[in-house]
file work30.cif (mmCIF, C-alpha atoms and all ligand atoms; chains and numbers go by the auth columns)
data_coords
loop_
_atom_site.group_PDB
_atom_site.id
_atom_site.type_symbol
_atom_site.label_atom_id
_atom_site.label_comp_id
_atom_site.label_asym_id
_atom_site.label_seq_id
_atom_site.Cartn_x
_atom_site.Cartn_y
_atom_site.Cartn_z
_atom_site.B_iso_or_equiv
_atom_site.auth_seq_id
_atom_site.auth_asym_id
ATOM 1 C CA MET A 1 0.000 0.000 0.000 0.00 1 A
ATOM 2 C CA ARG A 2 1.313 3.443 -0.910 0.00 2 A
ATOM 3 C CA TYR A 3 1.725 6.169 1.722 0.00 3 A
ATOM 4 C CA ASN A 4 0.209 9.458 0.533 0.00 4 A
ATOM 5 C CA VAL A 5 1.850 12.801 1.135 0.00 5 A
ATOM 6 C CA VAL A 6 -0.831 14.966 2.730 0.00 6 A
ATOM 7 C CA LYS A 7 -0.793 18.683 1.947 0.00 7 A
ATOM 8 C CA ASN A 8 -0.595 20.779 5.135 0.00 8 A
ATOM 9 C CA ALA A 9 -0.219 17.608 7.224 0.00 9 A
ATOM 10 C CA GLN A 10 1.382 19.521 10.094 0.00 10 A
ATOM 11 C CA ALA A 11 -1.487 22.047 10.231 0.00 11 A
ATOM 12 C CA ILE A 12 -4.167 19.331 9.998 0.00 12 A
ATOM 13 C CA VAL A 13 -2.591 17.372 12.821 0.00 13 A
ATOM 14 C CA GLY A 14 -1.951 20.517 14.910 0.00 14 A
ATOM 15 C CA SER A 15 -5.578 21.653 14.787 0.00 15 A
ATOM 16 C CA SER A 16 -7.198 18.293 15.627 0.00 16 A
ATOM 17 C CA GLY A 17 -8.860 17.770 18.985 0.00 17 A
ATOM 18 C CA TYR A 18 -8.001 14.070 18.719 0.00 18 A
ATOM 19 C CA LEU A 19 -4.265 14.709 18.553 0.00 19 A
ATOM 20 C CA ILE A 20 -2.337 14.938 21.823 0.00 20 A
ATOM 21 C CA LYS A 21 0.428 17.399 21.033 0.00 21 A
ATOM 22 C CA ASN A 22 2.739 16.959 24.025 0.00 22 A
ATOM 23 C CA PRO A 23 2.072 13.367 25.091 0.00 23 A
ATOM 24 C CA ASN A 24 4.965 13.334 27.587 0.00 24 A
ATOM 25 C CA ASN A 25 3.004 15.861 29.675 0.00 25 A
ATOM 26 C CA TYR A 26 0.317 13.233 30.275 0.00 26 A
ATOM 27 C CA LYS A 27 2.476 10.428 31.638 0.00 27 A
ATOM 28 C CA ASN A 28 0.493 8.833 34.495 0.00 28 A
ATOM 29 C CA LYS A 29 -2.415 11.176 33.714 0.00 29 A
ATOM 30 C CA TRP A 30 -4.158 9.459 30.798 0.00 30 A
ATOM 31 C CA HIS A 31 -7.238 8.722 32.908 0.00 31 A
ATOM 32 C CA GLU A 32 -7.550 12.479 33.402 0.00 32 A
ATOM 33 C CA VAL A 33 -7.291 12.979 29.635 0.00 33 A
ATOM 34 C CA PHE A 34 -10.204 10.576 29.095 0.00 34 A
ATOM 35 C CA GLY A 35 -12.069 11.677 32.222 0.00 35 A
ATOM 36 C CA ASN A 36 -12.689 8.101 33.405 0.00 36 A
ATOM 37 C CA LYS A 37 -10.933 5.004 34.768 0.00 37 A
ATOM 38 C CA ASN A 38 -11.825 2.702 31.845 0.00 38 A
ATOM 39 C CA PRO A 39 -9.141 0.401 30.407 0.00 39 A
ATOM 40 C CA ILE A 40 -6.701 1.985 27.941 0.00 40 A
ATOM 41 C CA CYS A 41 -5.602 0.184 24.749 0.00 41 A
ATOM 42 C CA LEU A 42 -2.683 1.407 22.662 0.00 42 A
ATOM 43 C CA GLU A 43 -2.091 0.685 18.962 0.00 43 A
ATOM 44 C CA LEU A 44 1.491 1.119 17.777 0.00 44 A
ATOM 45 C CA GLY A 45 1.764 2.139 14.101 0.00 45 A
ATOM 46 C CA MET A 46 -1.930 2.943 13.543 0.00 46 A
ATOM 47 C CA GLY A 47 -1.325 4.117 9.952 0.00 47 A
ATOM 48 C CA ARG A 48 -4.515 5.779 8.684 0.00 48 A
ATOM 49 C CA GLY A 49 -6.278 4.877 11.901 0.00 49 A
ATOM 50 C CA SER A 50 -9.182 2.767 10.573 0.00 50 A
ATOM 51 C CA PHE A 51 -8.715 0.011 13.152 0.00 51 A
ATOM 52 C CA ILE A 52 -8.456 2.199 16.240 0.00 52 A
ATOM 53 C CA ILE A 53 -11.357 4.438 15.097 0.00 53 A
ATOM 54 C CA GLU A 54 -13.617 1.427 14.525 0.00 54 A
ATOM 55 C CA MET A 55 -12.586 -0.153 17.848 0.00 55 A
ATOM 56 C CA ALA A 56 -13.361 3.122 19.676 0.00 56 A
ATOM 57 C CA LYS A 57 -16.819 3.254 18.065 0.00 57 A
ATOM 58 C CA LYS A 58 -17.505 -0.385 18.896 0.00 58 A
ATOM 59 C CA HIS A 59 -16.334 -0.287 22.529 0.00 59 A
ATOM 60 C CA PRO A 60 -17.354 3.063 24.078 0.00 60 A
ATOM 61 C CA ASN A 61 -16.369 1.893 27.577 0.00 61 A
ATOM 62 C CA THR A 62 -12.744 1.314 26.584 0.00 62 A
ATOM 63 C CA ASN A 63 -10.263 4.111 25.861 0.00 63 A
ATOM 64 C CA TYR A 64 -8.039 3.919 22.770 0.00 64 A
ATOM 65 C CA ILE A 65 -4.809 5.642 21.795 0.00 65 A
ATOM 66 C CA GLY A 66 -3.418 5.348 18.259 0.00 66 A
ATOM 67 C CA LEU A 67 0.279 6.124 17.901 0.00 67 A
ATOM 68 C CA GLU A 68 1.913 6.732 14.523 0.00 68 A
ATOM 69 C CA LEU A 69 5.392 7.946 13.542 0.00 69 A
ATOM 70 C CA ASP A 70 4.572 9.352 10.124 0.00 70 A
ATOM 71 C CA ILE A 71 2.981 12.818 9.966 0.00 71 A
ATOM 72 C CA ASN A 72 1.149 12.102 6.679 0.00 72 A
ATOM 73 C CA GLN A 73 -0.411 8.926 8.015 0.00 73 A
ATOM 74 C CA THR A 74 -1.372 10.738 11.229 0.00 74 A
ATOM 75 C CA ALA A 75 -2.948 13.581 9.230 0.00 75 A
ATOM 76 C CA THR A 76 -5.033 11.047 7.279 0.00 76 A
ATOM 77 C CA ALA A 77 -6.085 9.362 10.533 0.00 77 A
ATOM 78 C CA VAL A 78 -7.220 12.641 12.132 0.00 78 A
ATOM 79 C CA LYS A 79 -9.062 13.570 8.920 0.00 79 A
ATOM 80 C CA ASN A 80 -10.781 10.163 8.988 0.00 80 A
ATOM 81 C CA VAL A 81 -12.025 10.684 12.553 0.00 81 A
ATOM 82 C CA GLU A 82 -12.764 14.425 12.467 0.00 82 A
ATOM 83 C CA LYS A 83 -16.512 14.008 11.793 0.00 83 A
ATOM 84 C CA GLU A 84 -16.948 11.516 14.669 0.00 84 A
ATOM 85 C CA LYS A 85 -17.583 12.506 18.265 0.00 85 A
ATOM 86 C CA LEU A 86 -15.505 9.922 20.121 0.00 86 A
ATOM 87 C CA SER A 87 -14.543 10.845 23.671 0.00 87 A
ATOM 88 C CA ASN A 88 -12.679 7.517 24.098 0.00 88 A
ATOM 89 C CA LEU A 89 -10.077 8.036 21.344 0.00 89 A
ATOM 90 C CA LYS A 90 -6.824 10.020 21.191 0.00 90 A
ATOM 91 C CA MET A 91 -3.961 9.986 18.696 0.00 91 A
ATOM 92 C CA ILE A 92 -0.249 10.658 19.030 0.00 92 A
ATOM 93 C CA CYS A 93 2.353 11.349 16.332 0.00 93 A
ATOM 94 C CA ALA A 94 5.595 9.949 17.783 0.00 94 A
ATOM 95 C CA ASP A 95 8.115 7.130 17.655 0.00 95 A
ATOM 96 C CA ALA A 96 6.998 3.978 19.483 0.00 96 A
ATOM 97 C CA ALA A 97 10.544 3.690 20.839 0.00 97 A
ATOM 98 C CA THR A 98 9.702 6.625 23.149 0.00 98 A
ATOM 99 C CA ILE A 99 6.525 5.198 24.772 0.00 99 A
ATOM 100 C CA ILE A 100 8.035 5.102 28.252 0.00 100 A
ATOM 101 C CA ASP A 101 8.272 8.916 28.118 0.00 101 A
ATOM 102 C CA MET A 102 4.516 9.130 27.480 0.00 102 A
ATOM 103 C CA PHE A 103 3.034 6.412 29.659 0.00 103 A
ATOM 104 C CA GLY A 104 3.423 5.187 33.206 0.00 104 A
ATOM 105 C CA LYS A 105 1.813 1.944 34.334 0.00 105 A
ATOM 106 C CA GLU A 106 -1.526 2.669 32.678 0.00 106 A
ATOM 107 C CA ILE A 107 -1.922 0.542 29.549 0.00 107 A
ATOM 108 C CA ASP A 108 -4.111 -2.584 29.495 0.00 108 A
ATOM 109 C CA THR A 109 -3.641 -3.903 25.941 0.00 109 A
ATOM 110 C CA ILE A 110 -1.155 -3.212 23.145 0.00 110 A
ATOM 111 C CA TYR A 111 -2.234 -3.762 19.530 0.00 111 A
ATOM 112 C CA LEU A 112 0.468 -4.456 16.947 0.00 112 A
ATOM 113 C CA THR A 113 -1.231 -4.369 13.564 0.00 113 A
ATOM 114 C CA PHE A 114 0.727 -5.127 10.409 0.00 114 A
ATOM 115 C CA SER A 115 3.880 -3.687 11.938 0.00 115 A
ATOM 116 C CA GLU A 116 7.029 -3.196 9.873 0.00 116 A
ATOM 117 C CA PRO A 117 8.555 -6.690 9.531 0.00 117 A
ATOM 118 C CA TRP A 118 12.226 -5.636 9.598 0.00 118 A
ATOM 119 C CA PRO A 119 13.179 -8.927 7.866 0.00 119 A
ATOM 120 C CA LYS A 120 16.959 -8.560 8.095 0.00 120 A
ATOM 121 C CA GLU A 121 18.445 -10.120 11.211 0.00 121 A
ATOM 122 C CA LYS A 122 20.523 -6.987 11.846 0.00 122 A
ATOM 123 C CA ASP A 123 17.237 -5.029 12.230 0.00 123 A
ATOM 124 C CA ALA A 124 15.474 -7.635 14.407 0.00 124 A
ATOM 125 C CA LYS A 125 15.634 -5.423 17.509 0.00 125 A
ATOM 126 C CA LYS A 126 13.446 -2.841 15.734 0.00 126 A
ATOM 127 C CA ARG A 127 10.540 -5.321 15.519 0.00 127 A
ATOM 128 C CA PHE A 128 7.728 -4.345 17.888 0.00 128 A
ATOM 129 C CA THR A 129 7.904 -7.866 19.363 0.00 129 A
ATOM 130 C CA SER A 130 11.677 -7.861 19.965 0.00 130 A
ATOM 131 C CA THR A 131 12.856 -8.251 23.559 0.00 131 A
ATOM 132 C CA ASN A 132 13.849 -4.557 23.495 0.00 132 A
ATOM 133 C CA TYR A 133 10.226 -3.552 22.921 0.00 133 A
ATOM 134 C CA LEU A 134 8.809 -6.210 25.288 0.00 134 A
ATOM 135 C CA LYS A 135 10.944 -4.622 28.035 0.00 135 A
ATOM 136 C CA LEU A 136 9.496 -1.186 27.224 0.00 136 A
ATOM 137 C CA TYR A 137 5.944 -2.580 27.354 0.00 137 A
ATOM 138 C CA ASP A 138 6.656 -3.974 30.853 0.00 138 A
ATOM 139 C CA ARG A 139 7.078 -0.382 32.018 0.00 139 A
ATOM 140 C CA ILE A 140 3.694 0.810 30.726 0.00 140 A
ATOM 141 C CA TYR A 141 1.345 -2.094 31.541 0.00 141 A
ATOM 142 C CA LYS A 142 -1.140 -1.327 34.285 0.00 142 A
ATOM 143 C CA LYS A 143 -1.210 -4.933 35.552 0.00 143 A
ATOM 144 C CA ASN A 144 -1.251 -7.926 33.214 0.00 144 A
ATOM 145 C CA LYS A 145 0.800 -7.937 30.031 0.00 145 A
ATOM 146 C CA HIS A 146 -1.442 -8.216 26.963 0.00 146 A
ATOM 147 C CA ILE A 147 -0.531 -7.992 23.287 0.00 147 A
ATOM 148 C CA ILE A 148 -2.776 -8.597 20.298 0.00 148 A
ATOM 149 C CA MET A 149 -0.899 -8.891 17.029 0.00 149 A
ATOM 150 C CA LYS A 150 -2.016 -9.276 13.420 0.00 150 A
ATOM 151 C CA THR A 151 0.324 -9.575 10.442 0.00 151 A
ATOM 152 C CA ASP A 152 0.550 -11.019 6.950 0.00 152 A
ATOM 153 C CA ASN A 153 4.284 -11.620 7.394 0.00 153 A
ATOM 154 C CA LYS A 154 5.197 -15.199 8.255 0.00 154 A
ATOM 155 C CA ILE A 155 8.778 -14.398 9.297 0.00 155 A
ATOM 156 C CA LEU A 156 7.672 -11.588 11.611 0.00 156 A
ATOM 157 C CA PHE A 157 4.958 -13.807 13.075 0.00 157 A
ATOM 158 C CA ALA A 158 7.336 -16.722 13.732 0.00 158 A
ATOM 159 C CA SER A 159 9.860 -14.406 15.352 0.00 159 A
ATOM 160 C CA ALA A 160 7.071 -12.822 17.468 0.00 160 A
ATOM 161 C CA LEU A 161 5.835 -16.202 18.750 0.00 161 A
ATOM 162 C CA GLU A 162 9.396 -17.099 19.680 0.00 162 A
ATOM 163 C CA SER A 163 10.240 -13.879 21.497 0.00 163 A
ATOM 164 C CA LEU A 164 6.849 -13.722 23.256 0.00 164 A
ATOM 165 C CA SER A 165 7.135 -17.297 24.542 0.00 165 A
ATOM 166 C CA ASP A 166 10.796 -16.754 25.562 0.00 166 A
ATOM 167 C CA TYR A 167 9.441 -13.803 27.558 0.00 167 A
ATOM 168 C CA TRP A 168 6.860 -16.065 29.292 0.00 168 A
ATOM 169 C CA TYR A 169 3.782 -14.790 27.532 0.00 169 A
ATOM 170 C CA THR A 170 1.164 -17.486 26.918 0.00 170 A
ATOM 171 C CA PHE A 171 -1.091 -17.575 23.880 0.00 171 A
ATOM 172 C CA THR A 172 -4.833 -17.541 24.457 0.00 172 A
ATOM 173 C CA LYS A 173 -5.663 -17.481 20.724 0.00 173 A
ATOM 174 C CA VAL A 174 -3.526 -18.170 17.691 0.00 174 A
ATOM 175 C CA SER A 175 -4.732 -18.258 14.095 0.00 175 A
ATOM 176 C CA LEU A 176 -2.754 -18.897 10.930 0.00 176 A
ATOM 177 C CA ASP A 177 -5.646 -17.714 8.757 0.00 177 A
ATOM 178 C CA LEU A 178 -7.767 -15.322 10.794 0.00 178 A
ATOM 179 C CA HIS A 179 -10.492 -14.685 8.241 0.00 179 A
ATOM 180 C CA ASN A 180 -11.019 -18.334 7.371 0.00 180 A
ATOM 181 C CA ASP A 181 -10.829 -19.642 10.911 0.00 181 A
ATOM 182 C CA GLU A 182 -13.795 -21.718 12.039 0.00 182 A
ATOM 183 C CA ARG A 183 -13.540 -20.224 15.515 0.00 183 A
ATOM 184 C CA ARG A 184 -15.038 -16.779 15.969 0.00 184 A
ATOM 185 C CA ILE A 185 -12.378 -14.302 17.047 0.00 185 A
ATOM 186 C CA GLU A 186 -13.926 -10.992 18.004 0.00 186 A
ATOM 187 C CA ASP A 187 -11.167 -8.682 16.709 0.00 187 A
ATOM 188 C CA GLU A 188 -11.523 -10.351 13.325 0.00 188 A
ATOM 189 C CA GLU A 189 -14.532 -8.127 12.846 0.00 189 A
ATOM 190 C CA VAL A 190 -12.457 -4.935 12.770 0.00 190 A
ATOM 191 C CA ALA A 191 -9.926 -4.828 9.948 0.00 191 A
ATOM 192 C CA THR A 192 -7.056 -2.380 9.492 0.00 192 A
ATOM 193 C CA ASP A 193 -6.430 -0.646 6.143 0.00 193 A
ATOM 194 C CA PHE A 194 -3.633 -3.063 5.255 0.00 194 A
ATOM 195 C CA GLU A 195 -5.733 -6.009 6.361 0.00 195 A
ATOM 196 C CA ARG A 196 -8.636 -5.024 4.060 0.00 196 A
ATOM 197 C CA GLN A 197 -6.247 -5.053 1.122 0.00 197 A
ATOM 198 C CA TYR A 198 -4.821 -8.458 2.108 0.00 198 A
ATOM 199 C CA ILE A 199 -8.309 -9.930 2.552 0.00 199 A
ATOM 200 C CA LYS A 200 -9.079 -8.854 -1.050 0.00 200 A
ATOM 201 C CA GLU A 201 -5.843 -10.518 -2.178 0.00 201 A
ATOM 202 C CA LYS A 202 -6.832 -13.645 -0.198 0.00 202 A
ATOM 203 C CA ARG A 203 -3.596 -13.580 1.785 0.00 203 A
ATOM 204 C CA PRO A 204 -3.727 -15.348 5.163 0.00 204 A
ATOM 205 C CA ILE A 205 -3.586 -13.120 8.225 0.00 205 A
ATOM 206 C CA TYR A 206 -1.659 -14.417 11.242 0.00 206 A
ATOM 207 C CA TYR A 207 -3.096 -13.537 14.642 0.00 207 A
ATOM 208 C CA VAL A 208 -1.988 -13.991 18.228 0.00 208 A
ATOM 209 C CA ASP A 209 -3.505 -12.886 21.534 0.00 209 A
ATOM 210 C CA ALA A 210 -0.718 -13.142 24.120 0.00 210 A
ATOM 211 C CA ILE A 211 -0.919 -12.554 27.872 0.00 211 A
ATOM 212 C CA PHE A 212 1.228 -12.792 30.948 0.00 212 A
ATOM 213 C CA LYS A 213 -0.586 -12.749 34.268 0.00 213 A
ATOM 214 C CA ASP A 214 1.344 -11.975 37.455 0.00 214 A
HETATM 215 C C1 LIG B . 2.550 -1.401 7.441 0.00 1 B
HETATM 216 S S1 LIG B . 1.882 -0.001 8.198 0.00 1 B
HETATM 217 C C2 LIG B . 0.409 -0.600 9.017 0.00 1 B
HETATM 218 C C3 LIG B . -0.565 0.497 9.338 0.00 1 B
HETATM 219 C C4 LIG B . -1.853 0.032 10.066 0.00 1 B
HETATM 220 N N1 LIG B . -1.564 -0.576 11.336 0.00 1 B
HETATM 221 C C5 LIG B . -2.640 -0.936 9.197 0.00 1 B
HETATM 222 O O1 LIG B . -2.609 -2.140 9.490 0.00 1 B
HETATM 223 O O2 LIG B . -3.273 -0.477 8.237 0.00 1 B
HETATM 224 C C6 LIG B . 2.984 0.231 9.582 0.00 1 B
HETATM 225 C C7 LIG B . 2.838 1.586 10.219 0.00 1 B
HETATM 226 O O3 LIG B . 3.699 1.654 11.356 0.00 1 B
HETATM 227 C C8 LIG B . 4.287 2.942 11.399 0.00 1 B
HETATM 228 N N2 LIG B . 5.538 2.852 12.175 0.00 1 B
HETATM 229 C C9 LIG B . 6.677 2.226 11.807 0.00 1 B
HETATM 230 N N3 LIG B . 7.615 2.357 12.753 0.00 1 B
HETATM 231 C C10 LIG B . 7.040 3.085 13.747 0.00 1 B
HETATM 232 C C11 LIG B . 7.509 3.551 15.008 0.00 1 B
HETATM 233 N N4 LIG B . 8.760 3.305 15.423 0.00 1 B
HETATM 234 N N5 LIG B . 6.666 4.252 15.779 0.00 1 B
HETATM 235 C C12 LIG B . 5.381 4.505 15.379 0.00 1 B
HETATM 236 N N6 LIG B . 4.895 4.098 14.186 0.00 1 B
HETATM 237 C C13 LIG B . 5.703 3.393 13.393 0.00 1 B
HETATM 238 C C14 LIG B . 4.513 3.289 9.933 0.00 1 B
HETATM 239 O O4 LIG B . 4.684 4.688 9.732 0.00 1 B
HETATM 240 C C15 LIG B . 3.249 2.731 9.304 0.00 1 B
HETATM 241 O O5 LIG B . 2.214 3.688 9.268 0.00 1 B
#
call {"tool": "encode", "arguments": {"input": "work30.cif", "output": "C-alpha cells"}}
result
Amino acid sequence: MRYNVVKNAQAIVGSSGYLIKNPNNYKNKWHEVFGNKNPICLELGMGRGSFIIEMAKKHPNTNYIGLELDINQTATAVKNVEKEKLSNLKMICADAATIIDMFGKEIDTIYLTFSEPWPKEKDAKKRFTSTNYLKLYDRIYKKNKHIIMKTDNKILFASALESLSDYWYTFTKVSLDLHNDERRIEDEEVATDFERQYIKEKRPIYYVDAIFKD
C-alpha cells in the first residue's frame, strides 16, 4: 500500500482535537485525559487509523490511543475521525521507541497491527515484538501484560511467537488464517487498512492474543 503525502499535514494534525500534542506531559495522567478510569488500549503504528477508530466506536467503555510515527499517516487518521464525536479516542504522532516517556503503568492492551517486519536479522531489535520492545511494554502495563498482534508476514509472526514465549507470555488465541478460521475471534470483525487489502488478495492473516498474568 502506498503512503500518501498529505498537503498541510502539520497544520491538519496541529488543529485536531483528537491529537495529543505533548504526550509526555500526560504520563500517568491518561485517565484524566479521558475523564474516566476505563481500560486503555494502545495501537502502535496505527497508519490511517481505521482500526483504532472502529474499535473506539464499537467499545465506548474502553479508551483507545493510536500512535503513529509518520505525519502524513497521522494527518489522514485525524481527517478520517474528524466528523466523529468519540470521547474515548486520542492519537499521538511519535516514535513507538519513546513510549516510556509518554506512559506510566496505565496501559491494558497493546495492539500491533501489520507492523514493519524488519526482515533482516541486523534489524530484528526494531521489531515491535523484539525483547527490546517487550521490556518497554513492561514499564507501561497497568497490571497484566497483553498484546494482540495481526500480520501477513510469516517471518515476523514466527519471530514474534518465539520472542513472546521466551518472555513467558502465553497464547490464548492463535490463528494462521484469521479470516477463514472456524472459531469466531472478536477482533476479526475490525480490519485495518492493510488487512482489508490483504483480505481482497486472499492472503492469510496471522493472529496472536498473548498474555502474561502476574
Ligand atoms: C505497514 S503499516 C500498518 C498500518 C496500520 N496498522 C494498518 O494495518 O493499516 C505500519 C505503520 O507503522 C508505522 N511505524 C513504523 N515504525 C514506527 C515507530 N517506530 N513508531 C510509530 N509508528 C511506526 C509506519 O509509519 C506505518 O504507518
call {"tool": "residues_near_ligand", "arguments": {"input": "work30.cif", "ligand": "ligand LIG 1 (chain B)", "cutoff": "9 Å", "atoms": "only C-alpha atoms and all ligand atoms", "output": "ChimeraX atom specification"}}
result
/A:1,3,43-52,67-74,93-98,111-117,126-128,150-151,191-197
call {"tool": "atom_distance", "arguments": {"input": "work30.cif", "atom1": "atom CA of Lys27 of chain A", "atom2": "atom CA of Gly14 of chain A"}}
result
20.0 Å
call {"tool": "closest_residue", "arguments": {"input": "work30.cif", "among": "A:Thr109, A:Asn36, A:Asn80, A:Asn28", "to": "Val13 of chain A", "atoms": "all atoms listed in the file"}}
result
A:Asn80
call {"tool": "resolve_selection", "arguments": {"input": "work30.cif", "expression": "the PyMOL selection byres (((chain A and resi 210) around 6) and not hetatm)", "output": "ChimeraX atom specification"}}
result
/A:146-147,169-171,209,211
call {"tool": "axis_aligned_box", "arguments": {"input": "work30.cif", "around": "segment 60-73 of chain A", "padding_each_side": "6 Å", "output": "lines of an AutoDock Vina configuration file"}}
result
center_x = -6.0
center_y = 7.1
center_z = 17.1
size_x = 34.7
size_y = 23.5
size_z = 32.9
call {"tool": "atom_distance", "arguments": {"input": "work30.cif", "atom1": "atom CA of Lys37 of chain A", "atom2": "atom CA of Asn22 of chain A"}}
result
21.1 Å
call {"tool": "closest_residue", "arguments": {"input": "work30.cif", "among": "A:Ile53, A:Ile205, A:Leu134, A:Ile12", "to": "Leu86 of chain A", "atoms": "only C-alpha atoms"}}
result
A:Ile53
call {"tool": "resolve_selection", "arguments": {"input": "work30.cif", "expression": "the PyMOL selection byres (((chain A and resi 64) around 8) and not hetatm)", "output": "PyMOL selection string"}}
result
chain A and resi 40-43+52+55-56+62-63+65-66+88-90
call {"tool": "write_last_selection", "arguments": {"input": "work30.cif", "atoms": "C-alpha atoms", "output": "CSV table (one decimal), in the frame of the given file"}}
result
chain,number,residue,atom,x,y,z
A,40,ILE,CA,-6.7,2.0,27.9
A,41,CYS,CA,-5.6,0.2,24.7
A,42,LEU,CA,-2.7,1.4,22.7
A,43,GLU,CA,-2.1,0.7,19.0
A,52,ILE,CA,-8.5,2.2,16.2
A,55,MET,CA,-12.6,-0.2,17.8
A,56,ALA,CA,-13.4,3.1,19.7
A,62,THR,CA,-12.7,1.3,26.6
A,63,ASN,CA,-10.3,4.1,25.9
A,65,ILE,CA,-4.8,5.6,21.8
A,66,GLY,CA,-3.4,5.3,18.3
A,88,ASN,CA,-12.7,7.5,24.1
A,89,LEU,CA,-10.1,8.0,21.3
A,90,LYS,CA,-6.8,10.0,21.2
call {"tool": "closest_residue", "arguments": {"input": "work30.cif", "among": "A:Leu136, A:Met149, A:Ala124, A:Val190", "to": "Tyr207 of chain A", "atoms": "all atoms listed in the file"}}
result
A:Met149
call {"tool": "closest_residue", "arguments": {"input": "work30.cif", "among": "A:Asn61, A:Asn144, A:Thr129, A:Ser15", "to": "Glu106 of chain A", "atoms": "all atoms listed in the file"}}
result
A:Asn144
call {"tool": "closest_residue", "arguments": {"input": "work30.cif", "among": "A:Val81, A:Ile92, A:Ile110, A:Leu164", "to": "Ile148 of chain A", "atoms": "all atoms listed in the file"}}
result
A:Ile110
call {"tool": "resolve_selection", "arguments": {"input": "work30.cif", "expression": "the PyMOL selection byres (((chain A and resi 182-186) around 12) and not hetatm)", "output": "number ranges by chain"}}
result
A: 55, 58-59, 148, 172-181, 187-191, 207-209
call {"tool": "write_last_selection", "arguments": {"input": "work30.cif", "atoms": "C-alpha atoms", "output": "PDB file, in the frame of the given file"}}
result
ATOM      1  CA  MET A  55     -12.586  -0.153  17.848  1.00  0.00           C
ATOM      2  CA  LYS A  58     -17.505  -0.385  18.896  1.00  0.00           C
ATOM      3  CA  HIS A  59     -16.334  -0.287  22.529  1.00  0.00           C
ATOM      4  CA  ILE A 148      -2.776  -8.597  20.298  1.00  0.00           C
ATOM      5  CA  THR A 172      -4.833 -17.541  24.457  1.00  0.00           C
ATOM      6  CA  LYS A 173      -5.663 -17.481  20.724  1.00  0.00           C
ATOM      7  CA  VAL A 174      -3.526 -18.170  17.691  1.00  0.00           C
ATOM      8  CA  SER A 175      -4.732 -18.258  14.095  1.00  0.00           C
ATOM      9  CA  LEU A 176      -2.754 -18.897  10.930  1.00  0.00           C
ATOM     10  CA  ASP A 177      -5.646 -17.714   8.757  1.00  0.00           C
ATOM     11  CA  LEU A 178      -7.767 -15.322  10.794  1.00  0.00           C
ATOM     12  CA  HIS A 179     -10.492 -14.685   8.241  1.00  0.00           C
ATOM     13  CA  ASN A 180     -11.019 -18.334   7.371  1.00  0.00           C
ATOM     14  CA  ASP A 181     -10.829 -19.642  10.911  1.00  0.00           C
ATOM     15  CA  ASP A 187     -11.167  -8.682  16.709  1.00  0.00           C
ATOM     16  CA  GLU A 188     -11.523 -10.351  13.325  1.00  0.00           C
ATOM     17  CA  GLU A 189     -14.532  -8.127  12.846  1.00  0.00           C
ATOM     18  CA  VAL A 190     -12.457  -4.935  12.770  1.00  0.00           C
ATOM     19  CA  ALA A 191      -9.926  -4.828   9.948  1.00  0.00           C
ATOM     20  CA  TYR A 207      -3.096 -13.537  14.642  1.00  0.00           C
ATOM     21  CA  VAL A 208      -1.988 -13.991  18.228  1.00  0.00           C
ATOM     22  CA  ASP A 209      -3.505 -12.886  21.534  1.00  0.00           C
TER      23      ASP A 209
END
